[in-house]
$ cat target_24.cif   # mmCIF, N, CA and C atoms
data_start
loop_
_atom_site.label_atom_id
_atom_site.label_comp_id
_atom_site.auth_asym_id
_atom_site.auth_seq_id
_atom_site.Cartn_x
_atom_site.Cartn_y
_atom_site.Cartn_z
N MET A 192 0.85 -1.18 0.00
CA MET A 192 0.00 0.00 0.00
C MET A 192 0.89 1.24 0.00
N PRO A 193 0.65 2.19 -0.90
CA PRO A 193 1.48 3.39 -0.94
C PRO A 193 1.27 4.25 0.31
N ALA A 194 2.31 4.99 0.67
CA ALA A 194 2.23 5.85 1.84
C ALA A 194 1.25 6.99 1.58
N LYS A 195 0.57 7.41 2.62
CA LYS A 195 -0.36 8.54 2.56
C LYS A 195 0.46 9.83 2.53
N ARG A 196 0.05 10.79 1.74
CA ARG A 196 0.73 12.08 1.71
C ARG A 196 -0.04 13.06 2.60
N VAL A 197 0.68 13.91 3.29
CA VAL A 197 0.08 14.89 4.19
C VAL A 197 0.62 16.27 3.84
N ASP A 198 0.05 17.29 4.45
CA ASP A 198 0.61 18.63 4.27
C ASP A 198 1.47 18.97 5.49
N ALA A 199 2.10 20.13 5.46
CA ALA A 199 3.01 20.53 6.54
C ALA A 199 2.28 20.60 7.88
N GLU A 200 1.04 21.07 7.87
CA GLU A 200 0.29 21.19 9.12
C GLU A 200 0.07 19.83 9.77
N GLU A 201 -0.34 18.85 8.98
CA GLU A 201 -0.58 17.51 9.53
C GLU A 201 0.74 16.87 9.97
N LEU A 202 1.79 17.06 9.20
CA LEU A 202 3.10 16.51 9.55
C LEU A 202 3.59 17.09 10.88
N LEU A 203 3.47 18.40 11.04
CA LEU A 203 3.92 19.04 12.28
C LEU A 203 3.03 18.65 13.46
N ALA A 204 1.75 18.49 13.23
CA ALA A 204 0.86 18.03 14.31
C ALA A 204 1.30 16.65 14.80
N LEU A 205 1.56 15.74 13.86
CA LEU A 205 2.01 14.39 14.24
C LEU A 205 3.35 14.44 14.95
N ALA A 206 4.27 15.27 14.45
CA ALA A 206 5.60 15.36 15.07
C ALA A 206 5.52 15.91 16.49
N LEU A 207 4.72 16.95 16.70
CA LEU A 207 4.60 17.53 18.04
C LEU A 207 3.93 16.55 19.00
N GLN A 208 2.89 15.87 18.53
CA GLN A 208 2.23 14.88 19.38
C GLN A 208 3.18 13.73 19.71
N GLN A 209 3.93 13.27 18.71
CA GLN A 209 4.87 12.18 18.94
C GLN A 209 5.96 12.60 19.91
N ALA A 210 6.44 13.84 19.80
CA ALA A 210 7.46 14.34 20.72
C ALA A 210 6.91 14.39 22.15
N ALA A 211 5.69 14.87 22.31
CA ALA A 211 5.07 14.92 23.64
C ALA A 211 4.89 13.52 24.21
N LEU A 212 4.43 12.60 23.38
CA LEU A 212 4.27 11.22 23.84
C LEU A 212 5.61 10.61 24.26
N ALA A 213 6.67 10.94 23.54
CA ALA A 213 8.01 10.42 23.88
C ALA A 213 8.47 10.95 25.23
N VAL A 214 8.21 12.23 25.50
CA VAL A 214 8.58 12.81 26.80
C VAL A 214 7.80 12.14 27.92
N LEU A 215 6.50 11.97 27.72
CA LEU A 215 5.68 11.30 28.75
C LEU A 215 6.15 9.87 28.98
N LYS A 216 6.47 9.16 27.90
CA LYS A 216 6.96 7.79 28.04
C LYS A 216 8.27 7.77 28.83
N GLN A 217 9.16 8.71 28.52
CA GLN A 217 10.44 8.80 29.22
C GLN A 217 10.23 9.04 30.72
N GLN A 218 9.18 9.77 31.05
CA GLN A 218 8.86 10.05 32.45
C GLN A 218 7.93 8.99 33.05
N GLN A 219 7.68 7.93 32.29
CA GLN A 219 6.82 6.83 32.71
C GLN A 219 5.43 7.32 33.10
N ARG A 220 4.89 8.20 32.25
CA ARG A 220 3.54 8.72 32.45
C ARG A 220 2.75 8.51 31.16
N THR A 221 1.45 8.51 31.27
CA THR A 221 0.60 8.38 30.09
C THR A 221 -0.19 9.64 29.82
N GLU A 222 -0.15 10.58 30.76
CA GLU A 222 -0.88 11.84 30.56
C GLU A 222 -0.14 12.98 31.23
N GLY A 223 -0.53 14.18 30.88
CA GLY A 223 0.09 15.38 31.44
C GLY A 223 0.43 16.35 30.32
N ASP A 224 0.89 17.51 30.70
CA ASP A 224 1.25 18.54 29.73
C ASP A 224 2.75 18.48 29.46
N VAL A 225 3.09 18.61 28.20
CA VAL A 225 4.48 18.76 27.77
C VAL A 225 4.54 20.10 27.06
N TRP A 226 5.26 21.04 27.65
CA TRP A 226 5.28 22.41 27.14
C TRP A 226 6.43 22.63 26.17
N PHE A 227 6.11 23.20 25.02
CA PHE A 227 7.08 23.59 24.00
C PHE A 227 7.18 25.11 24.01
N THR A 228 8.40 25.62 23.85
CA THR A 228 8.57 27.08 23.84
C THR A 228 7.89 27.69 22.62
N GLU A 229 7.37 28.87 22.82
CA GLU A 229 6.83 29.63 21.71
C GLU A 229 7.62 30.93 21.55
N ASP A 230 8.82 30.97 22.16
CA ASP A 230 9.72 32.10 22.00
C ASP A 230 10.03 32.24 20.51
N PRO A 231 9.64 33.36 19.88
CA PRO A 231 9.75 33.46 18.42
C PRO A 231 11.13 33.14 17.84
N PRO A 232 12.23 33.73 18.35
CA PRO A 232 13.52 33.39 17.73
C PRO A 232 13.84 31.90 17.81
N LYS A 233 13.65 31.31 18.96
CA LYS A 233 13.98 29.89 19.13
C LYS A 233 13.04 29.00 18.30
N LEU A 234 11.75 29.29 18.34
CA LEU A 234 10.76 28.51 17.62
C LEU A 234 11.01 28.54 16.11
N HIS A 235 11.15 29.73 15.56
CA HIS A 235 11.30 29.87 14.10
C HIS A 235 12.66 29.35 13.63
N ARG A 236 13.73 29.60 14.39
CA ARG A 236 15.05 29.06 14.02
C ARG A 236 15.02 27.54 14.01
N THR A 237 14.41 26.96 15.03
CA THR A 237 14.35 25.49 15.11
C THR A 237 13.58 24.92 13.93
N PHE A 238 12.44 25.49 13.60
CA PHE A 238 11.67 24.95 12.48
C PHE A 238 12.36 25.21 11.14
N LYS A 239 13.11 26.29 11.02
CA LYS A 239 13.90 26.50 9.79
C LYS A 239 14.97 25.42 9.68
N GLU A 240 15.66 25.13 10.79
CA GLU A 240 16.68 24.08 10.78
C GLU A 240 16.04 22.73 10.44
N VAL A 241 14.88 22.45 11.01
CA VAL A 241 14.17 21.20 10.72
C VAL A 241 13.80 21.15 9.25
N ARG A 242 13.25 22.23 8.74
CA ARG A 242 12.88 22.26 7.31
C ARG A 242 14.10 22.02 6.44
N ASP A 243 15.19 22.73 6.72
CA ASP A 243 16.39 22.60 5.89
C ASP A 243 16.98 21.19 5.97
N ARG A 244 16.93 20.59 7.15
CA ARG A 244 17.54 19.27 7.34
C ARG A 244 16.67 18.14 6.80
N PHE A 245 15.35 18.26 6.91
CA PHE A 245 14.47 17.14 6.60
C PHE A 245 13.60 17.32 5.36
N ALA A 246 13.77 18.41 4.61
CA ALA A 246 12.90 18.66 3.46
C ALA A 246 13.03 17.60 2.37
N ASP A 247 14.20 16.99 2.22
CA ASP A 247 14.32 15.94 1.22
C ASP A 247 13.48 14.72 1.59
N SER A 248 13.42 14.39 2.87
CA SER A 248 12.59 13.27 3.32
C SER A 248 11.12 13.64 3.39
N PHE A 249 10.85 14.89 3.77
CA PHE A 249 9.47 15.36 3.95
C PHE A 249 9.26 16.64 3.13
N PRO A 250 8.97 16.50 1.84
CA PRO A 250 8.79 17.68 0.98
C PRO A 250 7.71 18.64 1.49
N GLU A 251 6.80 18.14 2.33
CA GLU A 251 5.75 18.99 2.90
C GLU A 251 6.36 20.17 3.66
N LEU A 252 7.55 19.99 4.21
CA LEU A 252 8.19 21.06 4.98
C LEU A 252 8.55 22.25 4.11
N ARG A 253 8.61 22.05 2.81
CA ARG A 253 8.92 23.17 1.89
C ARG A 253 7.78 24.18 1.84
N GLU A 254 6.63 23.81 2.41
CA GLU A 254 5.51 24.77 2.51
C GLU A 254 5.86 25.91 3.46
N LEU A 255 6.86 25.70 4.33
CA LEU A 255 7.27 26.74 5.27
C LEU A 255 8.32 27.63 4.60
N SER A 256 7.98 28.90 4.43
CA SER A 256 8.97 29.86 3.93
C SER A 256 9.45 30.69 5.12
N PHE A 257 10.67 31.17 5.03
CA PHE A 257 11.25 31.95 6.11
C PHE A 257 11.81 33.25 5.56
N ASN A 258 11.44 34.34 6.21
CA ASN A 258 11.96 35.65 5.86
C ASN A 258 13.18 35.91 6.74
N ALA A 259 14.31 36.17 6.12
CA ALA A 259 15.56 36.38 6.86
C ALA A 259 15.88 37.87 7.02
N GLU A 260 14.92 38.73 6.77
CA GLU A 260 15.15 40.17 6.83
C GLU A 260 15.30 40.70 8.25
N GLY A 261 14.72 40.04 9.22
CA GLY A 261 14.72 40.55 10.59
C GLY A 261 15.84 39.96 11.43
N ALA A 262 15.65 40.01 12.73
CA ALA A 262 16.66 39.54 13.68
C ALA A 262 16.77 38.02 13.69
N PHE A 263 15.74 37.33 13.21
CA PHE A 263 15.75 35.87 13.16
C PHE A 263 14.86 35.44 11.99
N PRO A 264 15.07 34.22 11.48
CA PRO A 264 14.20 33.74 10.40
C PRO A 264 12.76 33.64 10.91
N TYR A 265 11.84 34.15 10.14
CA TYR A 265 10.43 34.17 10.55
C TYR A 265 9.58 33.52 9.46
N SER A 266 8.67 32.63 9.87
CA SER A 266 7.78 31.97 8.93
C SER A 266 6.33 32.31 9.24
N PRO A 267 5.67 33.06 8.36
CA PRO A 267 4.25 33.32 8.59
C PRO A 267 3.43 32.03 8.51
N GLU A 268 3.87 31.07 7.70
CA GLU A 268 3.15 29.80 7.60
C GLU A 268 3.19 29.03 8.92
N LEU A 269 4.33 29.08 9.61
CA LEU A 269 4.43 28.41 10.90
C LEU A 269 3.46 29.02 11.90
N ARG A 270 3.39 30.36 11.95
CA ARG A 270 2.44 31.02 12.86
C ARG A 270 1.01 30.59 12.53
N GLN A 271 0.70 30.53 11.23
CA GLN A 271 -0.65 30.12 10.81
C GLN A 271 -0.93 28.67 11.20
N ILE A 272 0.05 27.81 11.00
CA ILE A 272 -0.13 26.40 11.35
C ILE A 272 -0.37 26.24 12.84
N LEU A 273 0.41 26.93 13.68
CA LEU A 273 0.21 26.82 15.13
C LEU A 273 -1.17 27.35 15.53
N GLY A 274 -1.59 28.43 14.90
CA GLY A 274 -2.93 28.96 15.17
C GLY A 274 -4.02 27.96 14.76
N ASN A 275 -3.83 27.33 13.59
CA ASN A 275 -4.80 26.32 13.14
C ASN A 275 -4.82 25.12 14.08
N LEU A 276 -3.63 24.68 14.52
CA LEU A 276 -3.58 23.54 15.44
C LEU A 276 -4.27 23.86 16.76
N GLN A 277 -4.17 25.11 17.19
CA GLN A 277 -4.88 25.50 18.41
C GLN A 277 -6.39 25.48 18.18
N LEU A 278 -6.83 26.04 17.07
CA LEU A 278 -8.27 26.05 16.76
C LEU A 278 -8.82 24.64 16.60
N ASP A 279 -7.99 23.73 16.08
CA ASP A 279 -8.42 22.34 15.90
C ASP A 279 -8.32 21.52 17.17
N GLY A 280 -7.78 22.10 18.25
CA GLY A 280 -7.66 21.38 19.51
C GLY A 280 -6.47 20.44 19.59
N VAL A 281 -5.54 20.54 18.63
CA VAL A 281 -4.36 19.67 18.65
C VAL A 281 -3.36 20.17 19.68
N ILE A 282 -3.23 21.50 19.80
CA ILE A 282 -2.36 22.08 20.82
C ILE A 282 -3.18 23.02 21.70
N GLY A 283 -2.68 23.24 22.89
CA GLY A 283 -3.33 24.18 23.80
C GLY A 283 -2.35 25.27 24.19
N ARG A 284 -2.85 26.45 24.29
CA ARG A 284 -2.09 27.59 24.79
C ARG A 284 -2.80 28.03 26.05
N ARG A 285 -2.48 27.34 27.14
CA ARG A 285 -3.23 27.56 28.37
C ARG A 285 -2.47 28.47 29.34
N ASN A 286 -1.72 29.38 28.81
CA ASN A 286 -0.97 30.30 29.65
C ASN A 286 -1.25 31.71 29.13
N PRO A 287 -1.29 32.69 30.01
CA PRO A 287 -1.73 34.02 29.58
C PRO A 287 -0.77 34.73 28.63
N SER A 288 0.51 34.40 28.64
CA SER A 288 1.45 35.15 27.82
C SER A 288 1.72 34.51 26.46
N PHE A 289 1.14 33.36 26.18
CA PHE A 289 1.35 32.65 24.92
C PHE A 289 2.83 32.42 24.64
N ASP A 290 3.60 32.15 25.72
CA ASP A 290 5.03 31.91 25.53
C ASP A 290 5.35 30.43 25.38
N ARG A 291 4.32 29.58 25.46
CA ARG A 291 4.51 28.15 25.30
C ARG A 291 3.20 27.50 24.91
N PHE A 292 3.30 26.30 24.35
CA PHE A 292 2.10 25.55 23.98
C PHE A 292 2.34 24.09 24.32
N SER A 293 1.24 23.35 24.39
CA SER A 293 1.31 21.93 24.73
C SER A 293 0.39 21.14 23.80
N PRO A 294 0.93 20.10 23.16
CA PRO A 294 0.02 19.22 22.40
C PRO A 294 -0.99 18.60 23.36
N ASN A 295 -2.24 18.55 22.96
CA ASN A 295 -3.28 17.94 23.79
C ASN A 295 -3.17 16.43 23.65
N ILE A 296 -2.95 15.76 24.76
CA ILE A 296 -2.82 14.30 24.78
C ILE A 296 -4.07 13.73 25.45
N PHE A 297 -4.84 13.00 24.67
CA PHE A 297 -6.06 12.37 25.15
C PHE A 297 -5.80 10.87 25.31
N PRO A 298 -6.71 10.14 25.96
CA PRO A 298 -6.48 8.70 26.16
C PRO A 298 -6.19 7.94 24.87
N ASP A 299 -6.78 8.35 23.74
CA ASP A 299 -6.56 7.62 22.49
C ASP A 299 -5.52 8.25 21.58
N THR A 300 -4.83 9.31 22.03
CA THR A 300 -3.87 10.00 21.17
C THR A 300 -2.78 9.07 20.66
N LYS A 301 -2.21 8.26 21.54
CA LYS A 301 -1.12 7.36 21.13
C LYS A 301 -1.57 6.44 20.01
N ALA A 302 -2.74 5.83 20.15
CA ALA A 302 -3.24 4.91 19.13
C ALA A 302 -3.53 5.65 17.82
N VAL A 303 -4.11 6.84 17.91
CA VAL A 303 -4.42 7.62 16.71
C VAL A 303 -3.13 8.03 15.99
N VAL A 304 -2.14 8.49 16.74
CA VAL A 304 -0.87 8.90 16.14
C VAL A 304 -0.20 7.70 15.48
N GLU A 305 -0.18 6.55 16.16
CA GLU A 305 0.43 5.35 15.58
C GLU A 305 -0.28 4.94 14.28
N GLU A 306 -1.59 5.04 14.26
CA GLU A 306 -2.36 4.70 13.05
C GLU A 306 -2.05 5.67 11.91
N GLU A 307 -2.00 6.96 12.23
CA GLU A 307 -1.68 7.97 11.22
C GLU A 307 -0.26 7.78 10.68
N LEU A 308 0.67 7.50 11.57
CA LEU A 308 2.06 7.30 11.13
C LEU A 308 2.19 6.05 10.27
N ALA A 309 1.49 4.99 10.61
CA ALA A 309 1.52 3.78 9.80
C ALA A 309 0.98 4.07 8.39
N ALA A 310 -0.08 4.87 8.31
CA ALA A 310 -0.63 5.24 7.00
C ALA A 310 0.33 6.15 6.25
N PHE A 311 1.00 7.01 6.96
CA PHE A 311 1.92 7.97 6.34
C PHE A 311 3.18 7.28 5.83
N PHE A 312 3.77 6.39 6.63
CA PHE A 312 5.05 5.77 6.26
C PHE A 312 4.89 4.53 5.41
N GLY A 313 3.77 3.85 5.53
CA GLY A 313 3.66 2.56 4.86
C GLY A 313 4.76 1.65 5.38
N GLU A 314 5.50 1.05 4.48
CA GLU A 314 6.60 0.15 4.85
C GLU A 314 7.96 0.84 4.77
N ASP A 315 7.99 2.15 4.63
CA ASP A 315 9.23 2.89 4.41
C ASP A 315 9.97 3.14 5.72
N LYS A 316 10.88 2.24 6.06
CA LYS A 316 11.64 2.35 7.31
C LYS A 316 12.53 3.59 7.32
N LYS A 317 13.10 3.93 6.17
CA LYS A 317 13.97 5.11 6.08
C LYS A 317 13.19 6.39 6.42
N LEU A 318 11.98 6.49 5.91
CA LEU A 318 11.13 7.65 6.21
C LEU A 318 10.74 7.66 7.68
N HIS A 319 10.43 6.50 8.22
CA HIS A 319 10.10 6.39 9.65
C HIS A 319 11.27 6.84 10.51
N ASP A 320 12.48 6.40 10.18
CA ASP A 320 13.67 6.78 10.93
C ASP A 320 13.92 8.29 10.85
N ALA A 321 13.73 8.86 9.66
CA ALA A 321 13.90 10.31 9.49
C ALA A 321 12.89 11.07 10.35
N PHE A 322 11.66 10.56 10.40
CA PHE A 322 10.63 11.20 11.22
C PHE A 322 11.02 11.16 12.69
N GLN A 323 11.52 10.03 13.16
CA GLN A 323 11.94 9.93 14.56
C GLN A 323 13.08 10.91 14.86
N GLN A 324 13.97 11.13 13.91
CA GLN A 324 15.03 12.13 14.10
C GLN A 324 14.44 13.53 14.17
N LEU A 325 13.48 13.83 13.30
CA LEU A 325 12.81 15.13 13.32
C LEU A 325 12.13 15.33 14.66
N VAL A 326 11.41 14.33 15.14
CA VAL A 326 10.72 14.40 16.43
C VAL A 326 11.73 14.64 17.55
N GLY A 327 12.84 13.93 17.52
CA GLY A 327 13.87 14.10 18.54
C GLY A 327 14.43 15.51 18.56
N GLU A 328 14.61 16.08 17.37
CA GLU A 328 15.12 17.45 17.30
C GLU A 328 14.13 18.45 17.90
N LEU A 329 12.85 18.29 17.59
CA LEU A 329 11.84 19.17 18.18
C LEU A 329 11.80 19.00 19.69
N ARG A 330 11.83 17.76 20.15
CA ARG A 330 11.80 17.49 21.59
C ARG A 330 13.01 18.10 22.28
N ASP A 331 14.20 17.88 21.74
CA ASP A 331 15.42 18.36 22.38
C ASP A 331 15.55 19.88 22.38
N LYS A 332 15.04 20.53 21.34
CA LYS A 332 15.24 21.98 21.21
C LYS A 332 14.08 22.83 21.72
N LEU A 333 12.88 22.26 21.77
CA LEU A 333 11.71 23.11 22.07
C LEU A 333 10.99 22.78 23.38
N VAL A 334 11.15 21.58 23.93
CA VAL A 334 10.44 21.25 25.17
C VAL A 334 11.05 22.04 26.32
N VAL A 335 10.20 22.77 27.04
CA VAL A 335 10.68 23.60 28.15
C VAL A 335 10.15 23.16 29.51
N GLY A 336 9.28 22.16 29.54
CA GLY A 336 8.79 21.70 30.83
C GLY A 336 7.62 20.76 30.68
N THR A 337 7.26 20.17 31.82
CA THR A 337 6.12 19.27 31.88
C THR A 337 5.32 19.55 33.14
N LYS A 338 4.11 19.06 33.14
CA LYS A 338 3.26 19.25 34.33
C LYS A 338 2.46 17.99 34.52
#
$ encode --input "target_24.cif" --output "structure tokens"
Amino acid sequence: MPAKRVDAEELLALALQQAALAVLKQQQRTEGDVWFTEDPPKLHRTFKEVRDRFADSFPELRELSFNAEGAFPYSPELRQILGNLQLDGVIGRRNPSFDRFSPNIFPDTKAVVEEELAAFFGEDKKLHDAFQQLVGELRDKLVVGTK
């Protein structure tokens, strides 16, 4: 069966959820908040690095453009995607300053993410491994705390 194709928004939603699930697993928990920084320079630089590093494996990342005119690379598409993910209930911004966000982890999130990833990767182990590296990079660079 051929792999399912997704857009950048769906790919990033899966990656953020997978990163949060990995942190919870590492802490031997099945629920809780995993907070990712929303500090603009750090957030946009990290996603630019991810796009540049993984775009060959995940062409969907090319949907993110970055303006290098300011103090840091800025992607209006990334801001839009995060806003859409919040409206869709995939992430929560439950803090007054909007300086961090947390993927919403529900009892069935792990099973849903695994099903979506199986549809996305098919039998492509190389693509699966690249995705796990992308997830690790987001986790290592953007997670700022848990609750």
$ resolve_selection --input "target_24.cif" --expression "the PyMOL selection byres (((chain A and resi 294 and name CA) around 8) and name CA)" --output "PDB file with N, CA and C atoms, keeping the file's coordinate frame"
ATOM      1  N   LEU A 207       4.720  16.950  16.700  1.00  0.00           N
ATOM      2  CA  LEU A 207       4.600  17.530  18.040  1.00  0.00           C
ATOM      3  C   LEU A 207       3.930  16.550  19.000  1.00  0.00           C
ATOM      4  N   GLN A 208       2.890  15.870  18.530  1.00  0.00           N
ATOM      5  CA  GLN A 208       2.230  14.880  19.380  1.00  0.00           C
ATOM      6  C   GLN A 208       3.180  13.730  19.710  1.00  0.00           C
ATOM      7  N   ALA A 211       5.690  14.870  22.310  1.00  0.00           N
ATOM      8  CA  ALA A 211       5.070  14.920  23.640  1.00  0.00           C
ATOM      9  C   ALA A 211       4.890  13.520  24.210  1.00  0.00           C
ATOM     10  N   ASP A 224       0.890  17.510  30.700  1.00  0.00           N
ATOM     11  CA  ASP A 224       1.250  18.540  29.730  1.00  0.00           C
ATOM     12  C   ASP A 224       2.750  18.480  29.460  1.00  0.00           C
ATOM     13  N   VAL A 225       3.090  18.610  28.200  1.00  0.00           N
ATOM     14  CA  VAL A 225       4.480  18.760  27.770  1.00  0.00           C
ATOM     15  C   VAL A 225       4.540  20.100  27.060  1.00  0.00           C
ATOM     16  N   TRP A 226       5.260  21.040  27.650  1.00  0.00           N
ATOM     17  CA  TRP A 226       5.280  22.410  27.140  1.00  0.00           C
ATOM     18  C   TRP A 226       6.430  22.630  26.170  1.00  0.00           C
ATOM     19  N   VAL A 281      -5.540  20.540  18.630  1.00  0.00           N
ATOM     20  CA  VAL A 281      -4.360  19.670  18.650  1.00  0.00           C
ATOM     21  C   VAL A 281      -3.360  20.170  19.680  1.00  0.00           C
ATOM     22  N   ILE A 282      -3.230  21.500  19.800  1.00  0.00           N
ATOM     23  CA  ILE A 282      -2.360  22.080  20.820  1.00  0.00           C
ATOM     24  C   ILE A 282      -3.180  23.020  21.700  1.00  0.00           C
ATOM     25  N   GLY A 283      -2.680  23.240  22.890  1.00  0.00           N
ATOM     26  CA  GLY A 283      -3.330  24.180  23.800  1.00  0.00           C
ATOM     27  C   GLY A 283      -2.350  25.270  24.190  1.00  0.00           C
ATOM     28  N   PHE A 292       3.300  26.300  24.350  1.00  0.00           N
ATOM     29  CA  PHE A 292       2.100  25.550  23.980  1.00  0.00           C
ATOM     30  C   PHE A 292       2.340  24.090  24.320  1.00  0.00           C
ATOM     31  N   SER A 293       1.240  23.350  24.390  1.00  0.00           N
ATOM     32  CA  SER A 293       1.310  21.930  24.730  1.00  0.00           C
ATOM     33  C   SER A 293       0.390  21.140  23.800  1.00  0.00           C
ATOM     34  N   ASN A 295      -2.240  18.550  22.960  1.00  0.00           N
ATOM     35  CA  ASN A 295      -3.280  17.940  23.790  1.00  0.00           C
ATOM     36  C   ASN A 295      -3.170  16.430  23.650  1.00  0.00           C
ATOM     37  N   ILE A 296      -2.950  15.760  24.760  1.00  0.00           N
ATOM     38  CA  ILE A 296      -2.820  14.300  24.780  1.00  0.00           C
ATOM     39  C   ILE A 296      -4.070  13.730  25.450  1.00  0.00           C
TER      40      ILE A 296
END
$ resolve_selection --input "target_24.cif" --expression "the PyMOL selection byres ((chain A and resi 227-230) around 6.5)" --output "list in words"
Val225, Trp226, Pro231, Pro232, Lys233, Leu234, His235, Phe289, Asp290, Arg291, Phe292, Ser293, Pro294, Leu333, Val334, Val335 and Gly336 of chain A
$ atom_distance --input "target_24.cif" --atom1 "atom CA of A:Glu306" --atom2 "atom C of A:Arg285"
28.8 Å
$ atom_distance --input "target_24.cif" --atom1 "atom CA of A:Tyr265" --atom2 "atom CA of A:Asp243"
13.8 Å
$ closest_residue --input "target_24.cif" --among "A:Gly327, A:Leu205, A:Lys239, A:Gln271" --to "A:Phe257" --atoms "only C-alpha atoms"
A:Lys239
$ atom_distance --input "target_24.cif" --atom1 "atom CA of A:Ala309" --atom2 "atom CA of A:Leu276"
21.2 Å
$ select_by_dssp --input "target_24.cif" --residues "stretch 281-331 of chain A" --states "strand (DSSP E or B)" --output "PyMOL selection string"
chain A and resi 282-283+291-294
$ axis_aligned_box --input "target_24.cif" --around "stretch 270-287 of chain A" --padding-each-side "6 Å" --output "JSON"
{"center_x": -2.7, "center_y": 27.2, "center_z": 20.4, "size_x": 24.2, "size_y": 27.1, "size_z": 31.2}
$ build_atoms --input "target_24.cif" --residues "stretch 198-210 of chain A" --atoms "N, CA, C and O atoms" --output "compact mmCIF listing (two decimals), keeping the file's coordinate frame"
# COMPACT_ATOMS: atom_id res chain seq x y z
N ASP A 198 0.05 17.29 4.45
CA ASP A 198 0.61 18.63 4.27
C ASP A 198 1.47 18.97 5.49
O ASP A 198 1.57 18.19 6.44
N ALA A 199 2.10 20.13 5.46
CA ALA A 199 3.01 20.53 6.54
C ALA A 199 2.28 20.60 7.88
O ALA A 199 2.82 20.20 8.91
N GLU A 200 1.04 21.07 7.87
CA GLU A 200 0.29 21.19 9.12
C GLU A 200 0.07 19.83 9.77
O GLU A 200 0.30 19.65 10.96
N GLU A 201 -0.34 18.85 8.98
CA GLU A 201 -0.58 17.51 9.53
C GLU A 201 0.74 16.87 9.97
O GLU A 201 0.80 16.22 11.02
N LEU A 202 1.79 17.06 9.20
CA LEU A 202 3.10 16.51 9.55
C LEU A 202 3.59 17.09 10.88
O LEU A 202 4.04 16.36 11.77
N LEU A 203 3.47 18.40 11.04
CA LEU A 203 3.92 19.04 12.28
C LEU A 203 3.03 18.65 13.46
O LEU A 203 3.53 18.47 14.58
N ALA A 204 1.75 18.49 13.23
CA ALA A 204 0.86 18.03 14.31
C ALA A 204 1.30 16.65 14.80
O ALA A 204 1.43 16.42 16.00
N LEU A 205 1.56 15.74 13.86
CA LEU A 205 2.01 14.39 14.24
C LEU A 205 3.35 14.44 14.95
O LEU A 205 3.57 13.74 15.95
N ALA A 206 4.27 15.27 14.45
CA ALA A 206 5.60 15.36 15.07
C ALA A 206 5.52 15.91 16.49
O ALA A 206 6.18 15.39 17.40
N LEU A 207 4.72 16.95 16.70
CA LEU A 207 4.60 17.53 18.04
C LEU A 207 3.93 16.55 19.00
O LEU A 207 4.35 16.41 20.15
N GLN A 208 2.89 15.87 18.53
CA GLN A 208 2.23 14.88 19.38
C GLN A 208 3.18 13.73 19.71
O GLN A 208 3.25 13.28 20.85
N GLN A 209 3.93 13.27 18.71
CA GLN A 209 4.87 12.18 18.94
C GLN A 209 5.96 12.60 19.91
O GLN A 209 6.37 11.82 20.77
N ALA A 210 6.44 13.84 19.80
CA ALA A 210 7.46 14.34 20.72
C ALA A 210 6.91 14.39 22.15
O ALA A 210 7.60 13.99 23.10
